[in-house]
Structure formats: structure tokens, C-alpha cells
Amino acid sequence: MFSTTKARTRLTGVLAGAAVLALAACSSGGSDGGDSAGGGSEGGGSGDLITVGFSQVGAESGWRAANTKSIQDTLTEENGFDLKFSDAQQKQENQIQAIRSYIAQGVDVIAFSPVVESGWDSVLEEAKQAGIPVILTDRAVDSEDESLYESFIGSDFVLEGEMAGEWVSENLATEPINVVELQGTTGAAPAIDRKTGFESATADNPNVTIIDSQTGNFTRTEGKTVMEGFLQAHDDIDLVYAHNDDMGLGAIEAIEAAGMVPGEDIKIVTVDAVKDGMQALADGKINFIVECNPLLGPDLAEVIEKVIAGEEVEKRIVVEDQSFTQEQAVEALPTREY
């Protein structure tokens, strides 16, 4: 069985000022892909504040909204930061444009969560030549030149997939089962790794067969649409493995519309553990969830301060996640932060 200890990071001495997470109401990011400042002036530093340019993937899910809120609530003027925030609307070209804008403004640090893994070397080389350190959050890049970024803060997506696969293999696959997979955005690190982890964990169990696998782009709407296609193409689906809660919630809508009972007629396993997903788990519509903690703001703030101070930081900072059964979700929901 998996550990259910409180999710935590391996960083020590968490920034004191960041302990006030989730107290201020923040938006989940602009809709036009432009910058929205967390305060302060245009261009480089604002007095003693550390100017941070952050490019977010988008606002595709409840997880992303919680992640954005954590960053915006933490990188405040009160905590010593001047945050310039942009929403890439899930387009790599928007992120590259935003990063180049931050370089032109002469920010102190650039941080971003890459839409996809590949295609970053050129713009990151531009940041390096400008002397601006880059920090990756949530998702990694596949560059062979690790000098292009200072640190990567995020969960172990392969492990998340393995946790989901192990639970399925141990709890559901005592007899043959047919699995359909709702993948995340094509080329994105969590989509690649969660697929790899799940397949690795179930490879030795002959009872697990993945009969279809398509991307739902991490959104509830596309998760529903793809699941509708699965249901039309297959009349023998036993399990949905969704790379995030939102796609799993979309699958629930499709299953119910088809006159079946999610969690019973078709089992569902997801990754994220945001409140909507946890509520569906508590209600028995989802059967198991592996957490991916979105509250990366405090870790990012601490790494930024260390980088600016010239201190060494870990190249890979892994956020430890837990997993939830129905009973554990019921217990955790009243105090859930996201």
C-alpha cells in the first residue's frame, strides 16, 4: 500500500513569508496571454524587490488554477517580490514570446512551467546570455544542456503513473480488465511520464490490457469528448486511467450520459487530487487518485532567493505526493487546500 503521510517537499527552511498561502484571492491567470504584474515597476528590479517573470502553461484545469494561486499568493511585494505573470494558453509560442519579453525587461529571474518538453534551447540560451537565471516549475525540459536552468521543482510524474498502475494491478486486475487511457497534452512531461509509469507498473500483469489511448489535453471538456468516442468504439471498457482529475471528471459525464455508473460499471483512476476530483472519489465515482501537489509557490520563492544570493540550489527538487482511496478522500476533504 502507499504512504498517506502529508505531502511535503525535501527543501528545508521554507520561506517564512510564504506561509500565508491561500489567504489572498487571486485570479488563475489572464486570458489574453499578456503580462499581469504582481506589483512594482516595469523592467528590472523594483528597489529591494526581486523581479520575477513567470510564464504559466494556462488555466486548463483545477490543478493549474491552484498552482497559479500558490505562486501569485507567495511572490508578493510583502514577501519581497515583483511578479510579472503571463498565461500561455497552452501554446509554446506564447511562452517563448513571454520569456523574450522578460529578457527585454531585464527581470532578475525567469520561471516557467513548460507547455511541452522540447524546443527550449534557443530562448533559454538567450536568457543565459543576458545573465538571467531560469527556474523550471512543475514540468521539465528535455535539453541536454543543464546549464540553461538553475533548478527544476516538481513531482515525479513517472512515480505517479507507477502508483496508479500498482493500485490497479493489485486491486482491480485479479482478472482480465480492458483499460482506456486519457492522456495529457501531447509532448508534455506529465503526459509522457504518467503513461510510462503506468505501463511499467502493469507490464508484468497479463490481466491488464490498454485497448485505447488518446489525448484529452488535460481538460474536462476534451476528456468528455474523448471518452464519448471510447464508449462508441468499445463495449468492453472496464477502467479509465486519466492523467489528471479534470479529464476523469469529463469521463464521468460521458459515462453517466451513456446510462452507466462511473466507479461501478467502469472504474476510474486519476492523478492530481484537486477538490472536485477528491469529491468524486468520496462519492464513489472515482476509485483511486494519486496526488500531484500544485502548491509550489513556497519552494519557488525559496529557490529564487537562494539563486539571487548566489547560493547553490539542487538541480532537481522533488515534491512528494500521496494517494487516496475513497475512505481517505472523505477524511481529507474538510481540510483540503486545493
# chains A, B, ... in the order shown; residues from 1 in each chain; ligands from 1

call {"tool": "residues_around", "arguments": {"residues": "A:Val290", "least_positions_apart": "5", "cutoff": "9 Å", "atoms": "only C-alpha atoms", "output": "PyMOL selection string"}}
result
chain A and resi 160-161+163-164+269-273+321-324

call {"tool": "write_last_selection", "arguments": {"atoms": "all heavy atoms", "output": "compact mmCIF listing (two decimals), in the first residue's frame"}}
result
# COMPACT_ATOMS: atom_id res chain seq x y z
N GLU A 160 4.16 8.84 -10.17
CA GLU A 160 2.70 8.98 -10.09
C GLU A 160 2.02 7.91 -10.95
O GLU A 160 1.05 7.28 -10.52
CB GLU A 160 2.29 10.38 -10.55
CG GLU A 160 2.69 11.48 -9.58
CD GLU A 160 2.47 12.87 -10.14
OE1 GLU A 160 2.16 13.00 -11.34
OE2 GLU A 160 2.63 13.83 -9.37
N GLY A 161 2.53 7.74 -12.17
CA GLY A 161 1.96 6.70 -13.04
C GLY A 161 2.14 5.31 -12.47
O GLY A 161 1.25 4.46 -12.57
N MET A 163 2.37 4.56 -9.27
CA MET A 163 1.45 4.40 -8.14
C MET A 163 0.05 4.03 -8.63
O MET A 163 -0.62 3.16 -8.05
CB MET A 163 1.42 5.68 -7.31
CG MET A 163 2.72 5.97 -6.56
SD MET A 163 2.80 7.65 -5.88
CE MET A 163 1.59 7.54 -4.56
N ALA A 164 -0.39 4.70 -9.69
CA ALA A 164 -1.71 4.38 -10.25
C ALA A 164 -1.73 2.96 -10.79
O ALA A 164 -2.67 2.19 -10.54
CB ALA A 164 -2.05 5.38 -11.36
N VAL A 269 -9.45 5.78 -12.44
CA VAL A 269 -8.26 6.13 -11.68
C VAL A 269 -7.67 7.39 -12.29
O VAL A 269 -7.52 7.48 -13.52
CB VAL A 269 -7.22 4.99 -11.70
CG1 VAL A 269 -5.90 5.44 -11.08
CG2 VAL A 269 -7.75 3.77 -10.96
N THR A 270 -7.34 8.38 -11.46
CA THR A 270 -6.84 9.66 -11.97
C THR A 270 -5.62 10.13 -11.18
O THR A 270 -5.24 9.53 -10.17
CB THR A 270 -7.92 10.76 -11.88
OG1 THR A 270 -8.20 11.05 -10.50
CG2 THR A 270 -9.22 10.33 -12.56
N VAL A 271 -5.04 11.23 -11.67
CA VAL A 271 -3.91 11.87 -10.99
C VAL A 271 -4.25 13.35 -10.76
O VAL A 271 -4.80 14.00 -11.64
CB VAL A 271 -2.62 11.78 -11.82
CG1 VAL A 271 -1.45 12.45 -11.11
CG2 VAL A 271 -2.29 10.34 -12.16
N ASP A 272 -3.93 13.87 -9.60
CA ASP A 272 -3.99 15.29 -9.21
C ASP A 272 -4.46 15.45 -7.77
O ASP A 272 -3.77 16.04 -6.95
CB ASP A 272 -4.87 16.15 -10.12
CG ASP A 272 -4.09 16.77 -11.28
OD1 ASP A 272 -2.87 16.53 -11.37
OD2 ASP A 272 -4.71 17.47 -12.10
N ALA A 273 -5.69 15.01 -7.49
CA ALA A 273 -6.29 15.14 -6.15
C ALA A 273 -6.68 16.57 -5.82
O ALA A 273 -6.51 17.04 -4.71
CB ALA A 273 -5.36 14.58 -5.06
N ASP A 321 4.34 13.22 -3.13
CA ASP A 321 2.89 13.16 -3.21
C ASP A 321 2.36 11.91 -2.50
O ASP A 321 3.08 10.95 -2.28
CB ASP A 321 2.46 13.12 -4.68
CG ASP A 321 2.94 14.34 -5.44
OD1 ASP A 321 2.73 15.46 -4.96
OD2 ASP A 321 3.53 14.15 -6.53
N GLN A 322 1.07 11.95 -2.20
CA GLN A 322 0.43 10.81 -1.58
C GLN A 322 -0.67 10.28 -2.49
O GLN A 322 -0.82 10.75 -3.63
CB GLN A 322 -0.15 11.19 -0.21
CG GLN A 322 -1.14 12.34 -0.24
CD GLN A 322 -1.61 12.72 1.14
OE1 GLN A 322 -1.88 11.86 1.99
NE2 GLN A 322 -1.71 14.01 1.41
N SER A 323 -1.42 9.30 -2.03
CA SER A 323 -2.51 8.74 -2.83
C SER A 323 -3.73 8.57 -1.93
O SER A 323 -3.64 8.58 -0.70
CB SER A 323 -2.10 7.39 -3.41
OG SER A 323 -1.79 6.47 -2.38
N PHE A 324 -4.90 8.44 -2.58
CA PHE A 324 -6.15 8.42 -1.83
C PHE A 324 -7.11 7.35 -2.32
O PHE A 324 -7.35 7.22 -3.53
CB PHE A 324 -6.86 9.78 -1.94
CG PHE A 324 -6.10 10.92 -1.35
CD1 PHE A 324 -5.23 11.66 -2.13
CD2 PHE A 324 -6.26 11.27 -0.01
CE1 PHE A 324 -4.52 12.73 -1.59
CE2 PHE A 324 -5.56 12.34 0.54
CZ PHE A 324 -4.68 13.07 -0.25

call {"tool": "residues_around", "arguments": {"residues": "stretch 231-239 of chain A", "least_positions_apart": "4", "cutoff": "12 Å", "atoms": "only C-alpha atoms", "output": "number ranges by chain"}}
result
A: 164-165, 168-169, 171-173, 175-182, 207-213, 224-227, 248, 251-270, 285-288

call {"tool": "closest_residue", "arguments": {"among": "A:Asp48, A:Ala127, A:Ala88, A:Ser61", "to": "A:Thr221", "atoms": "only C-alpha atoms"}}
result
A:Ser61

call {"tool": "residues_around", "arguments": {"residues": "A:Leu75", "least_positions_apart": "2", "cutoff": "9 Å", "atoms": "only C-alpha atoms", "output": "number ranges by chain"}}
result
A: 18, 38, 52, 70-73, 77-83, 297-298, 300-301

call {"tool": "write_last_selection", "arguments": {"atoms": "N, CA and C atoms", "output": "mmCIF file, in the first residue's frame"}}
result
data_model
loop_
_atom_site.group_PDB
_atom_site.id
_atom_site.type_symbol
_atom_site.label_atom_id
_atom_site.label_comp_id
_atom_site.auth_asym_id
_atom_site.auth_seq_id
_atom_site.Cartn_x
_atom_site.Cartn_y
_atom_site.Cartn_z
ATOM 1 N N ALA A 18 6.186 32.994 3.060
ATOM 2 C CA ALA A 18 5.301 32.265 2.159
ATOM 3 C C ALA A 18 4.293 31.417 2.894
ATOM 4 N N GLY A 38 2.481 41.523 -10.549
ATOM 5 C CA GLY A 38 2.083 41.361 -9.168
ATOM 6 C C GLY A 38 2.337 42.624 -8.384
ATOM 7 N N VAL A 52 10.450 38.940 -10.819
ATOM 8 C CA VAL A 52 10.320 37.588 -11.364
ATOM 9 C C VAL A 52 9.347 37.608 -12.527
ATOM 10 N N SER A 70 -1.062 29.590 -5.839
ATOM 11 C CA SER A 70 0.054 29.417 -4.907
ATOM 12 C C SER A 70 1.210 30.348 -5.265
ATOM 13 N N ILE A 71 1.511 30.441 -6.553
ATOM 14 C CA ILE A 71 2.617 31.302 -6.996
ATOM 15 C C ILE A 71 2.277 32.768 -6.781
ATOM 16 N N GLN A 72 1.071 33.173 -7.163
ATOM 17 C CA GLN A 72 0.689 34.571 -7.019
ATOM 18 C C GLN A 72 0.531 34.985 -5.557
ATOM 19 N N ASP A 73 0.076 34.081 -4.715
ATOM 20 C CA ASP A 73 -0.063 34.389 -3.290
ATOM 21 C C ASP A 73 1.284 34.473 -2.580
ATOM 22 N N GLU A 77 4.728 41.538 -3.125
ATOM 23 C CA GLU A 77 5.603 42.612 -2.643
ATOM 24 C C GLU A 77 5.882 42.440 -1.151
ATOM 25 N N GLU A 78 4.864 42.025 -0.411
ATOM 26 C CA GLU A 78 5.032 41.826 1.030
ATOM 27 C C GLU A 78 6.129 40.810 1.322
ATOM 28 N N ASN A 79 6.274 39.821 0.439
ATOM 29 C CA ASN A 79 7.298 38.801 0.620
ATOM 30 C C ASN A 79 8.592 39.112 -0.119
ATOM 31 N N GLY A 80 8.652 40.301 -0.749
ATOM 32 C CA GLY A 80 9.904 40.746 -1.356
ATOM 33 C C GLY A 80 10.027 40.511 -2.847
ATOM 34 N N PHE A 81 8.885 40.349 -3.546
ATOM 35 C CA PHE A 81 8.931 40.044 -4.972
ATOM 36 C C PHE A 81 8.087 41.019 -5.786
ATOM 37 N N ASP A 82 8.508 41.241 -7.015
ATOM 38 C CA ASP A 82 7.723 41.957 -8.013
ATOM 39 C C ASP A 82 7.421 40.951 -9.118
ATOM 40 N N LEU A 83 6.206 40.401 -9.119
ATOM 41 C CA LEU A 83 5.845 39.319 -10.028
ATOM 42 C C LEU A 83 5.224 39.852 -11.308
ATOM 43 N N GLY A 297 4.479 27.418 -4.821
ATOM 44 C CA GLY A 297 4.909 28.789 -4.573
ATOM 45 C C GLY A 297 6.002 28.934 -3.530
ATOM 46 N N PRO A 298 5.869 28.333 -2.340
ATOM 47 C CA PRO A 298 6.910 28.477 -1.323
ATOM 48 C C PRO A 298 8.269 27.922 -1.763
ATOM 49 N N LEU A 300 9.344 27.642 -4.867
ATOM 50 C CA LEU A 300 9.868 28.546 -5.891
ATOM 51 C C LEU A 300 10.461 29.795 -5.253
ATOM 52 N N ALA A 301 9.773 30.359 -4.277
ATOM 53 C CA ALA A 301 10.279 31.558 -3.611
ATOM 54 C C ALA A 301 11.619 31.299 -2.943
#

call {"tool": "atom_distance", "arguments": {"atom1": "atom CA of A:Val123", "atom2": "atom CA of A:Pro190"}}
result
22.0 Å

call {"tool": "atom_distance", "arguments": {"atom1": "atom CA of A:Val158", "atom2": "atom CA of A:Ser86"}}
result
27.9 Å

call {"tool": "atom_distance", "arguments": {"atom1": "atom CA of A:Asn293", "atom2": "atom CA of A:Ala140"}}
result
15.6 Å

call {"tool": "select_by_dssp", "arguments": {"residues": "stretch 150-248 of chain A", "states": "strand (DSSP E)", "output": "list in words"}}
result
Ser151, Phe152, Ile153, Gly154, Ser155, Ile177, Asn178, Val179, Val180, Glu181, Leu182, Gln183, Val208, Thr209, Ile210, Ile211, Asp212, Ser213, Gln214, Thr215, Leu239, Val240, Tyr241 and Ala242 of chain A

call {"tool": "closest_residue", "arguments": {"among": "A:Gly197, A:Gly250, A:Pro294, A:Gly187", "to": "A:Gly277", "atoms": "only C-alpha atoms"}}
result
A:Gly250

call {"tool": "closest_residue", "arguments": {"among": "A:Thr186, A:Ser122, A:Thr74, A:Gln214", "to": "A:Glu302", "atoms": "only C-alpha atoms"}}
result
A:Thr74

call {"tool": "closest_residue", "arguments": {"among": "A:His243, A:Ser155, A:Thr174, A:Ser147", "to": "A:Thr196", "atoms": "only C-alpha atoms"}}
result
A:His243
